[in-house]
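File shown: run-v4.pdb (PDB, C-alpha atoms).
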ATOM      1  CA  MET Y  21      -2.565 -19.854 -27.485
ATOM      2  CA  LYS Y  22      -1.514 -21.094 -24.038
ATOM      3  CA  THR Y  23       0.305 -17.812 -23.451
ATOM      4  CA  LEU Y  24      -2.804 -15.805 -24.322
ATOM      5  CA  ALA Y  25      -4.967 -17.930 -22.017
ATOM      6  CA  LEU Y  26      -2.417 -17.583 -19.216
ATOM      7  CA  LEU Y  27      -2.263 -13.806 -19.704
ATOM      8  CA  ALA Y  28      -6.077 -13.578 -19.567
ATOM      9  CA  LEU Y  29      -6.107 -15.649 -16.371
ATOM     10  CA  VAL Y  30      -3.442 -13.464 -14.740
ATOM     11  CA  LEU Y  31      -5.211 -10.231 -15.717
ATOM     12  CA  THR Y  32      -8.529 -11.569 -14.420
ATOM     13  CA  GLY Y  33      -6.846 -12.495 -11.147
ATOM     14  CA  LEU Y  34      -5.243  -9.070 -10.841
ATOM     15  CA  PHE Y  35      -8.542  -7.327 -11.493
ATOM     16  CA  HIS Y  36     -10.337  -9.563  -9.003
ATOM     17  CA  ALA Y  37      -7.649  -9.007  -6.327
ATOM     18  CA  SER Y  38      -7.618  -5.238  -6.783
ATOM     19  CA  ALA Y  39     -11.414  -5.076  -6.664
ATOM     20  CA  GLU Y  40     -11.432  -7.065  -3.426
ATOM     21  CA  ALA Y  41      -8.787  -4.869  -1.797
ATOM     22  CA  ALA Y  42     -10.698  -1.592  -2.194
ATOM     23  CA  PRO Y  43     -13.071  -0.829   0.680
ATOM     24  CA  SER Y  44     -16.711  -0.019  -0.044
ATOM     25  CA  ARG Y  45     -17.972   3.532   0.264
ATOM     26  CA  TRP Y  46     -19.948   4.123   3.450
ATOM     27  CA  GLU Y  47     -23.068   5.075   1.491
ATOM     28  CA  ASP Y  48     -22.991   1.709  -0.334
ATOM     29  CA  LEU Y  49     -23.227  -0.337   2.873
ATOM     30  CA  MET Y  50     -26.695  -1.531   3.881
ATOM     31  CA  SER Y  51     -28.079  -3.165   6.990
ATOM     32  CA  GLY Y  52     -27.812  -6.946   6.543
ATOM     33  CA  ASP Y  53     -24.605  -6.777   4.464
ATOM     34  CA  HIS Y  54     -21.802  -9.202   5.235
ATOM     35  CA  VAL Y  55     -18.520  -7.276   5.251
ATOM     36  CA  VAL Y  56     -14.793  -7.755   5.787
ATOM     37  CA  LEU Y  57     -12.584  -5.298   7.665
ATOM     38  CA  THR Y  58      -9.954  -3.982   5.219
ATOM     39  CA  GLN Y  59      -7.461  -2.578   7.714
ATOM     40  CA  SER Y  60      -6.287  -3.536  11.185
ATOM     41  CA  LEU Y  61      -7.484  -1.396  14.084
ATOM     42  CA  MET Y  62      -5.591  -0.712  17.300
ATOM     43  CA  LEU Y  63      -7.989   0.597  19.942
ATOM     44  CA  LYS Y  64      -7.335   1.490  23.600
ATOM     45  CA  ALA Y  65      -9.249  -0.786  25.955
ATOM     46  CA  LYS Y  66     -11.095   0.938  28.815
ATOM     47  CA  VAL Y  67      -9.387  -1.431  31.290
ATOM     48  CA  GLY Y  68      -5.935  -0.654  29.880
ATOM     49  CA  GLY Y  69      -3.989  -2.254  27.099
ATOM     50  CA  THR Y  70      -4.796  -2.418  23.421
ATOM     51  CA  ILE Y  71      -7.528  -4.170  21.485
ATOM     52  CA  ARG Y  72      -6.277  -5.327  18.080
ATOM     53  CA  VAL Y  73      -8.937  -6.016  15.464
ATOM     54  CA  ALA Y  74      -7.316  -7.817  12.543
ATOM     55  CA  SER Y  75      -7.830  -6.940   8.916
ATOM     56  CA  GLY Y  76      -9.910  -9.682   7.320
ATOM     57  CA  ALA Y  77     -12.288 -10.035  10.285
ATOM     58  CA  THR Y  78     -15.852 -10.655   9.094
ATOM     59  CA  TYR Y  79     -18.934  -8.821  10.319
ATOM     60  CA  LEU Y  80     -22.637  -8.443   9.703
ATOM     61  CA  LEU Y  81     -23.787  -4.839   9.373
ATOM     62  CA  ASP Y  82     -26.597  -4.908  11.921
ATOM     63  CA  SER Y  83     -27.858  -1.332  11.612
ATOM     64  CA  VAL Y  84     -27.306   1.993   9.873
ATOM     65  CA  GLU Y  85     -28.922   4.879  11.742
ATOM     66  CA  PRO Y  86     -28.609   8.649  11.301
ATOM     67  CA  LEU Y  87     -28.142  10.331  14.667
ATOM     68  CA  GLU Y  88     -30.920  12.831  15.298
ATOM     69  CA  GLY Y  89     -29.795  16.457  15.294
ATOM     70  CA  LEU Y  90     -26.287  15.613  14.064
ATOM     71  CA  SER Y  91     -24.896  15.130  10.582
ATOM     72  CA  VAL Y  92     -23.541  11.714  11.629
ATOM     73  CA  VAL Y  93     -24.534   8.172  10.674
ATOM     74  CA  ASP Y  94     -24.021   5.320  13.156
ATOM     75  CA  TYR Y  95     -23.027   1.912  11.728
ATOM     76  CA  LEU Y  96     -23.140  -1.154  13.998
ATOM     77  CA  PHE Y  97     -21.092  -4.171  12.879
ATOM     78  CA  VAL Y  98     -21.589  -7.512  14.685
ATOM     79  CA  PRO Y  99     -18.712 -10.010  14.413
ATOM     80  CA  ARG Y 100     -18.987 -13.592  13.193
ATOM     81  CA  ALA Y 101     -16.537 -14.641  15.940
ATOM     82  CA  CYS Y 102     -15.613 -12.915  19.200
ATOM     83  CA  ALA Y 103     -12.312 -13.551  20.998
ATOM     84  CA  HIS Y 104     -12.669 -10.920  23.767
ATOM     85  CA  PRO Y 105     -16.385 -10.409  24.532
ATOM     86  CA  ASN Y 106     -15.836  -8.450  27.762
ATOM     87  CA  LEU Y 107     -13.519  -5.776  26.366
ATOM     88  CA  GLU Y 108     -14.633  -2.349  25.222
ATOM     89  CA  SER Y 109     -12.998   0.882  24.140
ATOM     90  CA  GLY Y 110     -13.816   4.541  24.260
ATOM     91  CA  LEU Y 111     -14.209   6.558  21.086
ATOM     92  CA  GLU Y 112     -11.128   6.346  18.836
ATOM     93  CA  LEU Y 113     -10.595   8.369  15.654
ATOM     94  CA  VAL Y 114      -9.461   6.218  12.728
ATOM     95  CA  LEU Y 115      -8.429   7.422   9.282
ATOM     96  CA  PRO Y 116      -9.474   4.900   6.616
ATOM     97  CA  HIS Y 117      -6.570   3.752   4.421
ATOM     98  CA  GLY Y 118      -6.426   5.648   1.174
ATOM     99  CA  ALA Y 119      -7.793   8.863   2.649
ATOM    100  CA  PRO Y 120      -5.344  11.761   2.469
ATOM    101  CA  ARG Y 121      -3.986  12.654   5.913
ATOM    102  CA  ASN Y 122      -5.240  16.219   5.523
ATOM    103  CA  ALA Y 123      -8.731  15.115   4.404
ATOM    104  CA  LYS Y 124     -10.161  15.209   7.941
ATOM    105  CA  ALA Y 125     -12.099  12.066   7.028
ATOM    106  CA  GLU Y 126     -11.549  10.216  10.285
ATOM    107  CA  VAL Y 127     -14.379   8.089  11.597
ATOM    108  CA  GLY Y 128     -15.179   7.473  15.251
ATOM    109  CA  VAL Y 129     -14.886   3.828  16.297
ATOM    110  CA  TYR Y 130     -16.076   2.135  19.477
ATOM    111  CA  TYR Y 131     -15.297  -1.488  20.334
ATOM    112  CA  ASN Y 132     -18.381  -2.586  22.302
ATOM    113  CA  ARG Y 133     -18.877  -5.585  24.592
ATOM    114  CA  GLY Y 134     -19.452  -8.664  22.473
ATOM    115  CA  CYS Y 135     -16.825  -7.436  19.977
ATOM    116  CA  ALA Y 136     -19.272  -5.279  18.003
ATOM    117  CA  LEU Y 137     -17.741  -2.316  16.201
ATOM    118  CA  GLU Y 138     -19.743   0.896  16.229
ATOM    119  CA  VAL Y 139     -18.565   3.403  13.629
ATOM    120  CA  MET Y 140     -19.673   7.045  13.483
ATOM    121  CA  VAL Y 141     -19.320   8.682  10.064
ATOM    122  CA  GLU Y 142     -19.965  12.336   9.292
ATOM    123  CA  SER Y 143     -22.513  12.781   6.503
ATOM    124  CA  LYS Y 144     -19.956  14.686   4.397
ATOM    125  CA  ASP Y 145     -17.784  11.523   4.319
ATOM    126  CA  LEU Y 146     -20.443   8.984   3.288
ATOM    127  CA  GLY Y 147     -19.182   8.987  -0.330
ATOM    128  CA  ARG Y 148     -15.619   8.127   0.749
ATOM    129  CA  PRO Y 149     -14.146   4.633   1.015
ATOM    130  CA  GLY Y 150     -14.605   3.225   4.484
ATOM    131  CA  LEU Y 151     -13.094   0.454   6.603
ATOM    132  CA  PHE Y 152     -15.068  -2.486   5.193
ATOM    133  CA  LEU Y 153     -15.517  -4.382   1.946
ATOM    134  CA  ARG Y 154     -18.980  -5.669   1.163
ATOM    135  CA  LYS Y 155     -18.903  -9.382   0.342
TER     136      LYS Y 155
END

Take the structure in the file and give it back as C-alpha cells.
Amino acid sequence: MKTLALLALVLTGLFHASAEAAPSRWEDLMSGDHVVLTQSLMLKAKVGGTIRVASGATYLLDSVEPLEGLSVVDYLFVPRACAHPNLESGLELVLPHGAPRNAKAEVGVYYNRGCALEVMVESKDLGRPGLFLRK
C-alpha cells in the first residue's frame, strides 16, 4: 500500500512538473495575467554589452494589442522586480524553446527602460507555445 501511495505521489509530481515547464500559447495569455519567463534571454544593450533576463523571472502582462495594419500582436510584460531600470535593447529575434529551427516562429523582443519586455508576435504564431507560463 505504501508503494502504491508513493508511486501515485511521484506520478502526480511528474505531471505537475511537466505541466509547469511547458510555456503557454500566445493566444492563451490575457492582459492582467501573472506569468513566468520559461527561457533565459540574452539581448544586446543599446549602450553595449548584454542584458541577461533569467528564466523564472516573473512578470505581469500589462497589455495585449494588435498593431494596426500589420498581422502582429504586441505583448507588454512588466517585471515584478527590476535590476537594471536604465538599460534597453533594440529589437532582437528570439526562437521560443520547443519551436523547430526551421519553423520561422521567432518573436521580436525589446527590453525597455524599467525592465519591461515588449514582445511582437506574428498572428500566424499565436497558437504556438511562447516564452511565458501563465501562473

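Shortest atom-to-atom contact with Gly134 (chain Y) among Y:Met50, Y:Val67, Y:Ala103, Y:Leu153: Y:Ala103, counting all atoms listed in the file.
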
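Within the file as shown, the PyMOL selection byres ((chain Y and resi 53-64) around 7) identifies Y:Pro43, Y:Leu49, Y:Met50, Y:Ser51, Y:Gly52, Y:Ala65, Y:Lys66, Y:Gly68, Y:Gly69, Y:Thr70, Y:Ile71, Y:Arg72, Y:Val73, Y:Ala74, Y:Ser75, Y:Gly76, Y:Ala77, Y:Thr78, Y:Tyr79, Y:Leu80, Y:Leu81, Y:Ser109, Y:Glu112, Y:Leu151, Y:Phe152, Y:Leu153, Y:Arg154, Y:Lys155.
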
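Computed from the coordinates, the CA of Cys102 (chain Y) to CA of Ala42 (chain Y) distance equals 24.7 Å.
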
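Applied to this file, the PyMOL selection byres ((chain Y and resi 94) around 9) selects the residues Ser83, Val84, Glu85, Pro86, Leu87, Val92, Val93, Tyr95, Leu96, Glu138, Val139, Met140, Val141 and Glu142 of chain Y.
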
How would the residues just picked look written out with C-alpha atoms as a compact mmCIF listing (two decimals), keeping the file's coordinate frame?
# COMPACT_ATOMS: atom_id res chain seq x y z
CA SER Y 83 -27.86 -1.33 11.61
CA VAL Y 84 -27.31 1.99 9.87
CA GLU Y 85 -28.92 4.88 11.74
CA PRO Y 86 -28.61 8.65 11.30
CA LEU Y 87 -28.14 10.33 14.67
CA VAL Y 92 -23.54 11.71 11.63
CA VAL Y 93 -24.53 8.17 10.67
CA TYR Y 95 -23.03 1.91 11.73
CA LEU Y 96 -23.14 -1.15 14.00
CA GLU Y 138 -19.74 0.90 16.23
CA VAL Y 139 -18.57 3.40 13.63
CA MET Y 140 -19.67 7.04 13.48
CA VAL Y 141 -19.32 8.68 10.06
CA GLU Y 142 -19.96 12.34 9.29

Hey, can you pull every residue with an atom no more than 10 Å from (-15.6, 8.4, -3.0), using only C-alpha atoms, and send it as number ranges by chain?
Y: 44-47, 119, 145-150

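Distance-wise, CA of Ala101 (chain Y) and CA of Val114 (chain Y) end up 22.3 Å apart.
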
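CA of Cys135 (chain Y) sits 6.6 Å away from CA of His104 (chain Y).
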
Near-Glu126 (chain Y) list (7 Å; only C-alpha atoms; drop same-chain fewer than 6 positions) as an mmCIF file with C-alpha atoms, keeping the file's coordinate frame:
data_model
loop_
_atom_site.group_PDB
_atom_site.id
_atom_site.type_symbol
_atom_site.label_atom_id
_atom_site.label_comp_id
_atom_site.auth_asym_id
_atom_site.auth_seq_id
_atom_site.Cartn_x
_atom_site.Cartn_y
_atom_site.Cartn_z
ATOM 1 C CA LEU Y 113 -10.595 8.369 15.654
ATOM 2 C CA VAL Y 114 -9.461 6.218 12.728
ATOM 3 C CA LEU Y 115 -8.429 7.422 9.282
ATOM 4 C CA PRO Y 116 -9.474 4.900 6.616
#

Please return the centre and edge lengths, in Å to one decimal, of a box with edges along x, y and z that contains all listed atoms of region 127-141 of chain Y, widened by 8 Å on every side, as JSON.
{"center_x": -17.1, "center_y": 0.0, "center_z": 17.3, "size_x": 21.4, "size_y": 33.3, "size_z": 30.5}

Report as a PDB file with C-alpha atoms, in the frame of the given file all protein, DNA and RNA residues lying within 9 Å of Asn132 (chain Y), evaluated on only C-alpha atoms, omitting residues in the same chain fewer than 5 positions from it.
ATOM      1  CA  PRO Y 105     -16.385 -10.409  24.532  1.00  0.00           C
ATOM      2  CA  ASN Y 106     -15.836  -8.450  27.762  1.00  0.00           C
ATOM      3  CA  LEU Y 107     -13.519  -5.776  26.366  1.00  0.00           C
ATOM      4  CA  GLU Y 108     -14.633  -2.349  25.222  1.00  0.00           C
ATOM      5  CA  SER Y 109     -12.998   0.882  24.140  1.00  0.00           C
ATOM      6  CA  GLY Y 110     -13.816   4.541  24.260  1.00  0.00           C
ATOM      7  CA  LEU Y 137     -17.741  -2.316  16.201  1.00  0.00           C
ATOM      8  CA  GLU Y 138     -19.743   0.896  16.229  1.00  0.00           C
TER       9      GLU Y 138
END

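Considering only C-alpha atoms, the residue among Y:Pro99, Y:Leu111, Y:Leu90, Y:Lys144 positioned nearest to Gly128 (chain Y) is Y:Leu111.
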